[in-house]
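S.K.: Sharing my_file33.tsv, TSV, C-alpha atoms:
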```tsv
chain	number	residue	atom	x	y	z
A	1	MET	CA	1.17	-2.86	25.64
A	2	SER	CA	-0.63	-5.52	23.60
A	3	THR	CA	1.12	-8.58	22.26
A	4	VAL	CA	0.73	-8.30	18.52
A	5	ASN	CA	1.13	-11.19	16.08
A	6	ILE	CA	3.20	-9.68	13.25
A	7	PRO	CA	5.24	-12.67	12.09
A	8	ARG	CA	8.36	-12.39	9.93
A	9	LEU	CA	7.83	-14.81	7.04
A	10	ASP	CA	10.25	-15.98	4.34
A	11	LEU	CA	8.63	-15.87	0.89
A	12	ASN	CA	11.28	-18.29	-0.34
A	13	THR	CA	9.74	-21.05	1.81
A	14	TYR	CA	6.49	-20.58	-0.10
A	15	VAL	CA	8.09	-20.38	-3.56
A	16	ASN	CA	10.62	-23.21	-3.19
A	17	GLY	CA	9.50	-25.14	-0.10
A	18	ASP	CA	7.86	-28.56	0.09
A	19	ALA	CA	4.08	-28.95	0.46
A	20	GLU	CA	4.30	-28.79	4.26
A	21	SER	CA	6.36	-25.55	4.23
A	22	ARG	CA	3.99	-23.95	1.73
A	23	LYS	CA	0.96	-24.91	3.81
A	24	LYS	CA	2.60	-23.50	6.96
A	25	PHE	CA	3.34	-20.22	5.14
A	26	SER	CA	-0.32	-19.97	4.05
A	27	ASP	CA	-1.53	-20.75	7.57
A	28	ASP	CA	0.86	-18.23	9.14
A	29	ILE	CA	-0.04	-15.38	6.80
A	30	GLY	CA	-3.75	-16.19	7.11
A	31	LYS	CA	-3.59	-16.28	10.92
A	32	ALA	CA	-1.74	-12.93	11.09
A	33	PHE	CA	-4.13	-11.33	8.59
A	34	ASN	CA	-7.03	-12.71	10.61
A	35	GLU	CA	-5.65	-11.26	13.87
A	36	THR	CA	-3.78	-8.04	13.07
A	37	GLY	CA	-3.70	-7.61	9.30
A	38	PHE	CA	0.12	-7.25	9.15
A	39	VAL	CA	3.19	-9.42	8.39
A	40	THR	CA	6.79	-8.69	7.43
A	41	ILE	CA	8.29	-10.58	4.48
A	42	THR	CA	11.89	-11.53	3.68
A	43	ASN	CA	13.28	-12.85	0.37
A	44	HIS	CA	10.74	-10.81	-1.59
A	45	GLY	CA	12.93	-10.36	-4.68
A	46	LEU	CA	14.28	-6.84	-4.03
A	47	SER	CA	18.02	-6.58	-3.39
A	48	LYS	CA	19.51	-4.09	-0.94
A	49	GLU	CA	21.25	-2.39	-3.90
A	50	LEU	CA	17.94	-1.89	-5.70
A	51	ILE	CA	16.24	-0.51	-2.57
A	52	ASP	CA	19.17	1.86	-1.96
A	53	LYS	CA	18.99	3.04	-5.57
A	54	LEU	CA	15.23	3.56	-5.23
A	55	TYR	CA	15.57	5.76	-2.14
A	56	GLU	CA	18.38	7.73	-3.75
A	57	GLN	CA	16.06	8.53	-6.68
A	58	VAL	CA	13.05	9.25	-4.45
A	59	LYS	CA	15.09	11.76	-2.45
A	60	ALA	CA	16.29	13.38	-5.68
A	61	LEU	CA	12.70	13.65	-6.93
A	62	PHE	CA	11.40	15.49	-3.90
A	63	ALA	CA	14.50	17.71	-3.81
A	64	LEU	CA	13.51	19.14	-7.21
A	65	PRO	CA	12.39	22.80	-7.15
A	66	GLU	CA	8.70	23.31	-6.34
A	67	ASP	CA	7.90	24.74	-9.79
A	68	VAL	CA	9.44	21.67	-11.47
A	69	LYS	CA	7.38	19.26	-9.33
A	70	LEU	CA	4.19	21.25	-9.90
A	71	LYS	CA	4.42	20.86	-13.67
A	72	TYR	CA	3.89	17.13	-13.06
A	73	GLU	CA	0.71	17.60	-10.99
A	74	LYS	CA	-2.37	16.47	-12.95
A	75	PRO	CA	-5.52	17.25	-10.90
A	76	GLU	CA	-7.72	15.60	-13.55
A	77	LEU	CA	-6.05	12.25	-12.69
A	78	ALA	CA	-7.11	12.46	-9.01
A	79	GLY	CA	-3.57	11.86	-7.83
A	80	GLN	CA	-3.41	8.47	-9.58
A	81	ARG	CA	-0.38	9.42	-11.72
A	82	GLY	CA	2.46	11.88	-11.26
A	83	TYR	CA	2.88	14.41	-8.48
A	84	THR	CA	0.46	15.32	-5.67
A	85	SER	CA	1.51	18.41	-3.75
A	86	LYS	CA	1.32	19.18	-0.04
A	87	GLY	CA	-2.07	19.56	1.59
A	88	LYS	CA	-4.08	17.54	-0.95
A	89	GLU	CA	-4.85	14.22	0.78
A	90	THR	CA	-6.84	14.00	4.00
A	91	ALA	CA	-7.42	10.70	5.84
A	92	LYS	CA	-11.09	9.66	5.87
A	93	GLY	CA	-12.85	11.37	8.79
A	94	PHE	CA	-10.10	13.98	9.29
A	95	LYS	CA	-10.36	17.70	8.54
A	96	VAL	CA	-6.65	18.56	8.39
A	97	PRO	CA	-4.59	17.28	5.40
A	98	ASP	CA	-1.68	14.90	5.95
A	99	LEU	CA	1.82	16.41	6.16
A	100	LYS	CA	3.13	14.82	2.96
A	101	GLU	CA	3.64	15.06	-0.80
A	102	PHE	CA	3.79	12.05	-3.13
A	103	TRP	CA	4.25	10.67	-6.64
A	104	GLN	CA	2.25	7.75	-8.10
A	105	ILE	CA	3.14	5.25	-10.82
A	106	GLY	CA	0.52	2.95	-12.31
A	107	GLN	CA	0.27	-0.19	-14.41
A	108	THR	CA	2.17	-0.58	-17.70
A	109	VAL	CA	0.15	-2.94	-19.94
A	110	THR	CA	2.39	-4.70	-22.47
A	111	ASP	CA	0.21	-7.57	-23.77
A	112	ASN	CA	-2.63	-5.83	-25.68
A	113	ASP	CA	-5.05	-6.37	-22.78
A	114	PRO	CA	-8.02	-4.04	-23.53
A	115	VAL	CA	-7.87	-2.87	-19.88
A	116	LYS	CA	-5.02	-0.61	-21.08
A	117	ASP	CA	-7.65	1.88	-22.34
A	118	GLN	CA	-8.92	2.35	-18.76
A	119	TYR	CA	-5.56	3.52	-17.39
A	120	PRO	CA	-4.01	6.95	-17.80
A	121	GLU	CA	-0.44	7.03	-19.08
A	122	ASN	CA	2.30	7.20	-16.51
A	123	VAL	CA	4.00	10.56	-15.99
A	124	TYR	CA	7.77	10.52	-16.51
A	125	VAL	CA	10.29	12.80	-14.81
A	126	ASP	CA	12.37	14.43	-17.56
A	127	GLU	CA	14.96	15.63	-15.06
A	128	LEU	CA	15.54	12.16	-13.51
A	129	PRO	CA	15.48	9.38	-16.13
A	130	GLU	CA	16.80	6.85	-13.59
A	131	PHE	CA	13.80	7.54	-11.32
A	132	ASN	CA	11.53	6.30	-14.13
A	133	THR	CA	13.47	3.07	-14.71
A	134	VAL	CA	14.08	2.13	-11.06
A	135	THR	CA	10.44	2.71	-10.03
A	136	ARG	CA	9.25	0.58	-12.98
A	137	GLU	CA	11.54	-2.26	-11.84
A	138	ILE	CA	10.37	-1.91	-8.21
A	139	TYR	CA	6.72	-1.93	-9.40
A	140	GLN	CA	7.22	-5.17	-11.34
A	141	LYS	CA	9.06	-6.95	-8.51
A	142	LEU	CA	6.53	-5.95	-5.84
A	143	GLU	CA	3.66	-6.93	-8.14
A	144	ALA	CA	5.24	-10.38	-8.61
A	145	ALA	CA	5.75	-10.81	-4.85
A	146	GLY	CA	2.19	-9.62	-4.20
A	147	LYS	CA	0.74	-12.20	-6.60
A	148	LEU	CA	2.57	-14.97	-4.71
A	149	LEU	CA	1.22	-13.68	-1.39
A	150	LEU	CA	-2.31	-13.64	-2.83
A	151	GLU	CA	-1.82	-17.28	-3.89
A	152	ALA	CA	-0.97	-18.17	-0.29
A	153	ILE	CA	-3.99	-16.20	0.94
A	154	ALA	CA	-6.26	-18.00	-1.55
A	155	VAL	CA	-5.05	-21.36	-0.19
A	156	TYR	CA	-5.72	-20.19	3.39
A	157	LEU	CA	-9.28	-19.24	2.34
A	158	ASN	CA	-9.79	-22.70	0.72
A	159	LEU	CA	-10.06	-21.09	-2.71
A	160	PRO	CA	-8.26	-22.36	-5.82
A	161	GLN	CA	-4.60	-21.31	-5.63
A	162	ASN	CA	-4.99	-19.25	-8.82
A	163	TYR	CA	-8.21	-17.51	-7.64
A	164	PHE	CA	-6.73	-14.01	-7.79
A	165	ASP	CA	-4.57	-14.47	-10.91
A	166	ASP	CA	-6.94	-13.19	-13.60
A	167	LYS	CA	-8.25	-10.48	-11.28
A	168	VAL	CA	-4.84	-8.91	-10.60
A	169	HIS	CA	-3.18	-9.52	-13.99
A	170	ASN	CA	-2.74	-5.96	-15.34
A	171	GLY	CA	-4.52	-4.78	-12.20
A	172	ASN	CA	-4.95	-1.14	-11.24
A	173	SER	CA	-2.00	-1.26	-8.80
A	174	ILE	CA	-0.13	1.86	-7.68
A	175	LEU	CA	3.45	2.44	-6.55
A	176	ARG	CA	3.55	5.54	-4.36
A	177	THR	CA	6.76	7.33	-3.45
A	178	LEU	CA	6.15	9.45	-0.37
A	179	HIS	CA	7.90	12.40	1.25
A	180	TYR	CA	6.86	13.42	4.73
A	181	PHE	CA	8.47	16.83	4.49
A	182	PRO	CA	10.44	18.59	7.27
A	183	ILE	CA	8.53	20.90	9.60
A	184	GLN	CA	10.82	23.89	10.15
A	185	ASP	CA	8.47	25.54	12.63
A	186	PRO	CA	6.55	22.92	14.65
A	187	ASP	CA	4.46	25.66	16.31
A	188	SER	CA	2.99	26.61	12.91
A	189	VAL	CA	1.45	23.15	12.38
A	190	PRO	CA	-2.16	22.57	13.54
A	191	ALA	CA	-2.26	20.46	16.70
A	192	ASP	CA	-4.15	17.66	14.93
A	193	ALA	CA	-1.94	17.58	11.79
A	194	VAL	CA	0.00	14.33	11.38
A	195	ARG	CA	2.15	12.77	8.67
A	196	ALA	CA	-0.62	10.29	7.85
A	197	GLY	CA	-3.90	10.25	9.76
A	198	ALA	CA	-5.31	6.95	11.01
A	199	HIS	CA	-6.68	5.09	7.97
A	200	GLU	CA	-7.18	1.76	6.27
A	201	ASP	CA	-5.81	1.05	2.78
A	202	ILE	CA	-8.28	0.78	-0.10
A	203	ASN	CA	-6.73	-2.10	-2.08
A	204	LEU	CA	-6.33	-5.90	-1.67
A	205	ILE	CA	-2.89	-5.87	-0.01
A	206	THR	CA	-0.16	-3.26	0.48
A	207	LEU	CA	3.55	-4.04	0.28
A	208	LEU	CA	5.69	-1.38	1.99
A	209	ILE	CA	9.44	-1.16	1.55
A	210	GLY	CA	10.90	-0.25	4.97
A	211	ALA	CA	10.70	3.53	5.44
A	212	SER	CA	13.67	5.83	6.07
A	213	ALA	CA	12.50	6.53	9.65
A	214	ASP	CA	10.19	5.15	12.32
A	215	GLY	CA	6.61	6.34	12.65
A	216	LEU	CA	4.30	3.60	11.32
A	217	GLU	CA	1.85	2.36	13.99
A	218	VAL	CA	-1.08	-0.08	13.88
A	219	LEU	CA	-4.20	-0.06	16.03
A	220	THR	CA	-4.58	-3.34	17.94
A	221	ARG	CA	-7.86	-5.04	18.81
A	222	GLU	CA	-7.36	-3.69	22.33
A	223	ASN	CA	-7.46	-0.19	20.82
A	224	GLU	CA	-3.79	0.52	21.50
A	225	TRP	CA	-1.26	1.91	19.00
A	226	PHE	CA	1.62	-0.49	18.30
A	227	PRO	CA	4.78	0.60	16.41
A	228	ILE	CA	5.78	-1.49	13.39
A	229	LYS	CA	9.52	-1.86	12.84
A	230	ALA	CA	10.77	-3.72	9.78
A	231	HIS	CA	14.20	-5.35	9.80
A	232	GLY	CA	16.43	-3.63	7.23
A	233	GLU	CA	15.16	-4.65	3.82
A	234	ASP	CA	12.01	-6.51	4.92
A	235	VAL	CA	8.74	-5.63	3.22
A	236	VAL	CA	5.76	-4.94	5.50
A	237	VAL	CA	2.51	-6.35	4.10
A	238	ASN	CA	-1.00	-5.47	5.26
A	239	VAL	CA	-4.58	-6.23	4.29
A	240	GLY	CA	-6.59	-3.54	2.47
A	241	ASP	CA	-10.32	-2.86	2.59
A	242	MET	CA	-11.04	-4.69	-0.68
A	243	LEU	CA	-9.73	-7.98	0.76
A	244	GLN	CA	-11.60	-7.30	4.00
A	245	ARG	CA	-14.87	-6.81	2.04
A	246	LEU	CA	-14.25	-9.93	-0.04
A	247	THR	CA	-13.68	-12.03	3.10
A	248	ASN	CA	-16.48	-10.41	5.15
A	249	ASN	CA	-13.95	-9.27	7.80
A	250	LYS	CA	-12.27	-12.69	8.13
A	251	LEU	CA	-9.06	-10.94	7.04
A	252	LYS	CA	-8.56	-7.62	8.82
A	253	SER	CA	-7.87	-4.29	7.19
A	254	THR	CA	-6.02	-2.81	10.14
A	255	THR	CA	-6.15	0.88	10.98
A	256	HIS	CA	-2.67	2.41	10.82
A	257	ARG	CA	-1.05	5.85	10.87
A	258	VAL	CA	2.29	7.60	10.55
A	259	VAL	CA	2.90	9.71	13.63
A	260	ASN	CA	4.97	12.87	13.82
A	261	PRO	CA	8.49	12.41	15.16
A	262	PRO	CA	9.63	13.95	18.45
A	263	ARG	CA	9.80	17.73	18.16
A	264	GLU	CA	13.59	17.75	17.80
A	265	LEU	CA	13.35	15.47	14.73
A	266	MET	CA	10.52	17.32	12.95
A	267	LYS	CA	13.02	19.08	10.70
A	268	GLU	CA	14.06	15.69	9.27
A	269	SER	CA	12.42	14.25	6.15
A	270	ARG	CA	10.84	10.79	6.13
A	271	PHE	CA	10.55	8.81	2.88
A	272	SER	CA	8.56	5.67	2.24
A	273	VAL	CA	7.44	3.60	-0.77
A	274	PRO	CA	4.22	1.56	-0.52
A	275	PHE	CA	2.88	-0.60	-3.37
A	276	PHE	CA	-0.93	-0.76	-3.35
A	277	LEU	CA	-1.92	-4.01	-5.08
A	278	HIS	CA	-5.29	-3.47	-6.76
A	279	PRO	CA	-7.28	-5.82	-8.95
A	280	LYS	CA	-8.83	-4.79	-12.24
A	281	SER	CA	-11.75	-2.42	-11.72
A	282	ALA	CA	-14.24	-5.07	-12.84
A	283	MET	CA	-13.43	-7.47	-9.96
A	284	ASP	CA	-16.55	-8.33	-7.98
A	285	LEU	CA	-15.95	-7.65	-4.27
A	286	THR	CA	-19.13	-9.44	-3.16
A	287	SER	CA	-18.25	-11.27	0.07
A	288	LEU	CA	-17.34	-14.93	-0.42
A	289	GLU	CA	-20.12	-17.34	0.59
A	290	SER	CA	-17.54	-19.36	2.56
A	291	CYS	CA	-16.94	-16.32	4.82
A	292	ILE	CA	-20.63	-15.84	5.68
A	293	ASP	CA	-22.52	-17.86	8.28
A	294	GLU	CA	-24.84	-17.40	11.27
A	295	GLN	CA	-22.03	-16.13	13.50
A	296	HIS	CA	-20.67	-13.92	10.68
A	297	PRO	CA	-23.59	-12.36	8.83
A	298	LYS	CA	-22.87	-10.50	5.60
A	299	LEU	CA	-21.61	-6.99	6.42
A	300	TYR	CA	-21.07	-5.31	3.06
A	301	SER	CA	-23.08	-4.30	0.01
A	302	ASP	CA	-22.05	-5.77	-3.34
A	303	MET	CA	-19.84	-3.61	-5.55
A	304	THR	CA	-16.93	-3.81	-7.95
A	305	ALA	CA	-13.37	-2.80	-7.13
A	306	GLY	CA	-13.70	0.18	-9.48
A	307	GLU	CA	-16.86	1.46	-7.77
A	308	TYR	CA	-15.24	1.08	-4.35
A	309	LEU	CA	-12.04	2.86	-5.39
A	310	ASP	CA	-14.05	5.75	-6.83
A	311	GLU	CA	-16.02	6.11	-3.57
A	312	ARG	CA	-12.87	6.13	-1.45
A	313	LEU	CA	-10.93	8.61	-3.62
A	314	ARG	CA	-13.79	11.07	-3.09
A	315	GLU	CA	-13.75	10.46	0.67
A	316	ILE	CA	-10.03	11.29	0.98
A	317	GLY	CA	-10.25	14.40	-1.17
A	318	LEU	CA	-8.32	13.27	-4.24
A	319	LYS	CA	-11.42	13.16	-6.45
A	320	LYS	CA	-14.20	15.74	-6.63
```
As structure tokens, what does this structure read like?

M.R.:
Amino acid sequence: MSTVNIPRLDLNTYVNGDAESRKKFSDDIGKAFNETGFVTITNHGLSKELIDKLYEQVKALFALPEDVKLKYEKPELAGQRGYTSKGKETAKGFKVPDLKEFWQIGQTVTDNDPVKDQYPENVYVDELPEFNTVTREIYQKLEAAGKLLLEAIAVYLNLPQNYFDDKVHNGNSILRTLHYFPIQDPDSVPADAVRAGAHEDINLITLLIGASADGLEVLTRENEWFPIKAHGEDVVVNVGDMLQRLTNNKLKSTTHRVVNPPRELMKESRFSVPFFLHPKSAMDLTSLESCIDEQHPKLYSDMTAGEYLDERLREIGLKK
């Protein structure tokens, strides 16, 4: 088994620490993102009570009757808002869809930013008003924590501390509530069907609130699968492909998956809530000059975040 550097970092030391503590936090997150692409974060601004309330509402959402959930499915939005039913998303390179259903909540623009016209309206659950309010609060708190983490990453990359600020303000971020549904008859599932096939995230960084069950694994540089276990209310943070492109692979977008549980646990549900922090669509993802040299030639074509997102949504089957 590989030794994997997935440090547990305290965001409070970055927010309220002295210059030395802040620098160490930046160095630690940069080193981990350079090596494995994953860290776990404490003191991220979400209380245990809020997380408990979130999971209570998420469970209630997916317990709604199928016909109720289906009225919130909007195929024209490519899964970016509202409900996406079972069998719709397939990891890039896989033929069998993931064993999951999900709901997505997007940005709420409140300051007359013209970017508002680019975003579809959020879909609200009439039957569960508290689901709408708690997910909005979770979205805002994870977005705030994500912006602080991007500040620390900017410092590690020798960029101005506020480099990402204007790019992620009112960004195209998504909060996804996920249900890996129970498999009543394991023999009926295709042999290669898994809860989430091996993939990399599309966005800049992902913040994941600890799931209701184990199953998340990352692929190490030695090509071995390593299970990620978060302590209680820690948030797991990983690099997405947009940040990898921007840094010309200096920061790693690590391949990860959610494996099926042992056969005897396949009848149990698994819930998880990732926050995919995206910039505005207009952000230029051209690799930073500082990340390109003779040993590290430029690997990626130039494109905007919006162009890249569009390409990837087609690859995973959410957009035609």

S.K.: With all atoms listed in the file as the counted atoms, please give the residues lying no more than 9 Å from Gly45 in chain A, apart from itself and same-chain residues fewer than 3 positions off, as a count of residues only.

M.R.: 6

S.K.: To one decimal place, how far is CA of Lys24 in chain A from CA of Phe38 in chain A in Å?

M.R.: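 It comes out at 16.6 Å.
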
S.K.: Considering all atoms listed in the file, return as a list of chain:residue names whatever protein or nucleic-acid residues lie within 9 Å of Tyr139 in chain A, sequence-local ones (same chain, fewer than 6 positions apart) excluded.

M.R.: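 Here the qualifying residues turn out to be A:Ile105, A:Gly106, A:Gln107, A:Ser173, A:Ile174, A:Leu175, A:Phe275.
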
S.K.: How far is it from CA of Pro274 in chain A to CA of Gln184 in chain A, in Å with one decimal?

M.R.: 25.6 Å

S.K.: As a short mmCIF file (atom, residue, chain, number, x, y, z; two decimals) with C-alpha atoms, in the frame of the given file, please: the residues near Thr40 in chain A (cut-off 7 Å, all atoms listed in the file, same-chain neighbours under 3 positions excluded).

M.R.:
```
data_model
loop_
_atom_site.label_atom_id
_atom_site.label_comp_id
_atom_site.auth_asym_id
_atom_site.auth_seq_id
_atom_site.Cartn_x
_atom_site.Cartn_y
_atom_site.Cartn_z
CA ILE A 6 3.20 -9.68 13.25
CA PRO A 7 5.24 -12.67 12.09
CA ARG A 8 8.36 -12.39 9.93
CA LEU A 9 7.83 -14.81 7.04
CA ALA A 230 10.77 -3.72 9.78
CA ASP A 234 12.01 -6.51 4.92
CA VAL A 235 8.74 -5.63 3.22
CA VAL A 236 5.76 -4.94 5.50
CA VAL A 237 2.51 -6.35 4.10
#
```

S.K.: Which is closest to Pro120 in chain A among A:Asp310, A:Glu76, A:Lys86, A:Asn132, if we use only C-alpha atoms?

M.R.: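 For Pro120 in chain A, the nearest of the candidates is A:Glu76.
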
S.K.: Using all atoms listed in the file, determine which residues lie at most 10 Å from Glu35 in chain A, disregarding the query and same-chain residues fewer than 6 positions distant; provide the list as a PyMOL selection string.

M.R.: chain A and resi 4-6+29+220-221+250-254

S.K.: Which one is closest to Val15 in chain A: A:Tyr308, A:Leu148, A:Lys74, A:Glu200? Count only C-alpha atoms.

M.R.: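 Result for the nearest residue to Val15 in chain A: A:Leu148.
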
S.K.: Restricting the calculation to only C-alpha atoms: of A:Ile316, A:Leu128, A:Ile228, A:Val258, which residue gets closest to Glu56 in chain A?

M.R.: A:Leu128

S.K.: Quick one: residues within 10 Å of Ala198 in chain A, all atoms listed in the file counted, chain neighbours fewer than 6 positions away excluded, as a list in words?

M.R.: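 Returned residues: Ala91, Lys92, Gly93, Phe94, Glu217, Val218, Leu219, Thr254, Thr255, His256, Arg257, Val258 and Val259 of chain A.
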
S.K.: For CA of Asn170 in chain A and CA of Gln118 in chain A, quote the distance in Å rounded to one decimal.

M.R.: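 Separation of CA of Asn170 in chain A and CA of Gln118 in chain A: 10.9 Å.
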
S.K.: Go through A:Leu46, A:Ala32, A:Leu99, A:Ala152 and flag the residue nearest Arg195 in chain A, using only C-alpha atoms for the distances.

M.R.: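 Once distances to Arg195 in chain A are computed over only C-alpha atoms, the minimum belongs to A:Leu99.
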
S.K.: Taking (9.9, 5.4, 4.9) as a centre in this file's frame and 10 Å as the limit, can you find every polymer residue with an atom that close, using all atoms listed in the file, and give them as a PyMOL selection string?

M.R.: chain A and resi 55+177-180+208-216+258+269-274

S.K.: Tell me which of A:Glu264, A:Leu246, A:Leu288, A:Ile202 sits closest to Leu309 in chain A, counting all atoms listed in the file.

M.R.: A:Ile202

S.K.: Taking a cut-off of 10 Å and counting all atoms listed in the file, can you build a table that, for each residue of range 231-284 of chain A near range 162-168 of chain A, reports the nearest atom pair and how far apart they are in Å (one decimal), sorted by chain then residue number, as CSV?

M.R.:
```
residue,atom,partner,partner_atom,distance
A:Leu277,CA,A:Val168,CA,7.9
A:His278,CA,A:Val168,CA,6.7
A:Pro279,CA,A:Val168,CA,4.3
A:Lys280,CA,A:Lys167,CA,5.8
A:Ser281,CA,A:Lys167,CA,8.8
A:Ala282,CA,A:Lys167,CA,8.2
A:Met283,CA,A:Lys167,CA,6.1
A:Asp284,CA,A:Lys167,CA,9.2
```

S.K.: Would you fill out range 102-109 of chain A with all heavy atoms and return it as a short mmCIF file (atom, residue, chain, number, x, y, z; two decimals), in the coordinates of the input?

M.R.:
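And here is the file that came out, out33.cif:
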```cif
data_model
loop_
_atom_site.label_atom_id
_atom_site.label_comp_id
_atom_site.auth_asym_id
_atom_site.auth_seq_id
_atom_site.Cartn_x
_atom_site.Cartn_y
_atom_site.Cartn_z
N PHE A 102 3.48 13.38 -2.59
CA PHE A 102 3.79 12.05 -3.13
C PHE A 102 3.74 12.03 -4.65
O PHE A 102 3.28 12.98 -5.30
CB PHE A 102 2.88 10.98 -2.53
CG PHE A 102 1.39 11.19 -2.69
CD1 PHE A 102 0.71 10.70 -3.80
CD2 PHE A 102 0.65 11.85 -1.71
CE1 PHE A 102 -0.66 10.87 -3.94
CE2 PHE A 102 -0.73 12.02 -1.83
CZ PHE A 102 -1.39 11.53 -2.96
N TRP A 103 4.23 10.91 -5.19
CA TRP A 103 4.25 10.67 -6.64
C TRP A 103 3.72 9.26 -6.86
O TRP A 103 4.11 8.33 -6.16
CB TRP A 103 5.70 10.77 -7.16
CG TRP A 103 5.82 10.60 -8.64
CD1 TRP A 103 5.74 9.44 -9.36
CD2 TRP A 103 6.07 11.63 -9.61
NE1 TRP A 103 5.91 9.68 -10.70
CE2 TRP A 103 6.12 11.02 -10.88
CE3 TRP A 103 6.25 13.01 -9.52
CZ2 TRP A 103 6.35 11.74 -12.05
CZ3 TRP A 103 6.48 13.73 -10.69
CH2 TRP A 103 6.53 13.10 -11.93
N GLN A 104 2.83 9.08 -7.87
CA GLN A 104 2.25 7.75 -8.10
C GLN A 104 2.54 7.23 -9.51
O GLN A 104 2.45 7.98 -10.49
CB GLN A 104 0.75 7.77 -7.83
CG GLN A 104 0.44 8.10 -6.37
CD GLN A 104 -0.82 7.49 -5.82
OE1 GLN A 104 -0.88 7.18 -4.64
NE2 GLN A 104 -1.86 7.30 -6.61
N ILE A 105 2.86 5.95 -9.56
CA ILE A 105 3.14 5.25 -10.82
C ILE A 105 2.14 4.12 -10.94
O ILE A 105 1.90 3.38 -9.97
CB ILE A 105 4.58 4.68 -10.80
CG1 ILE A 105 5.60 5.82 -10.72
CG2 ILE A 105 4.85 3.80 -12.01
CD1 ILE A 105 6.45 5.81 -9.50
N GLY A 106 1.53 3.98 -12.11
CA GLY A 106 0.52 2.95 -12.31
C GLY A 106 0.98 1.83 -13.23
O GLY A 106 2.15 1.73 -13.60
N GLN A 107 0.03 1.01 -13.61
CA GLN A 107 0.27 -0.19 -14.41
C GLN A 107 0.79 0.17 -15.81
O GLN A 107 0.36 1.14 -16.42
CB GLN A 107 -1.04 -0.98 -14.54
CG GLN A 107 -0.95 -2.31 -15.25
CD GLN A 107 -0.07 -3.30 -14.51
OE1 GLN A 107 1.10 -3.49 -14.84
NE2 GLN A 107 -0.63 -3.94 -13.48
N THR A 108 1.72 -0.66 -16.31
CA THR A 108 2.17 -0.58 -17.70
C THR A 108 1.70 -1.86 -18.38
O THR A 108 2.21 -2.94 -18.09
CB THR A 108 3.71 -0.47 -17.79
OG1 THR A 108 4.14 0.65 -17.01
CG2 THR A 108 4.16 -0.29 -19.23
N VAL A 109 0.71 -1.75 -19.26
CA VAL A 109 0.15 -2.94 -19.94
C VAL A 109 0.96 -3.19 -21.21
O VAL A 109 1.10 -2.31 -22.06
CB VAL A 109 -1.34 -2.71 -20.29
CG1 VAL A 109 -1.91 -3.90 -21.06
CG2 VAL A 109 -2.14 -2.46 -19.02
#
```
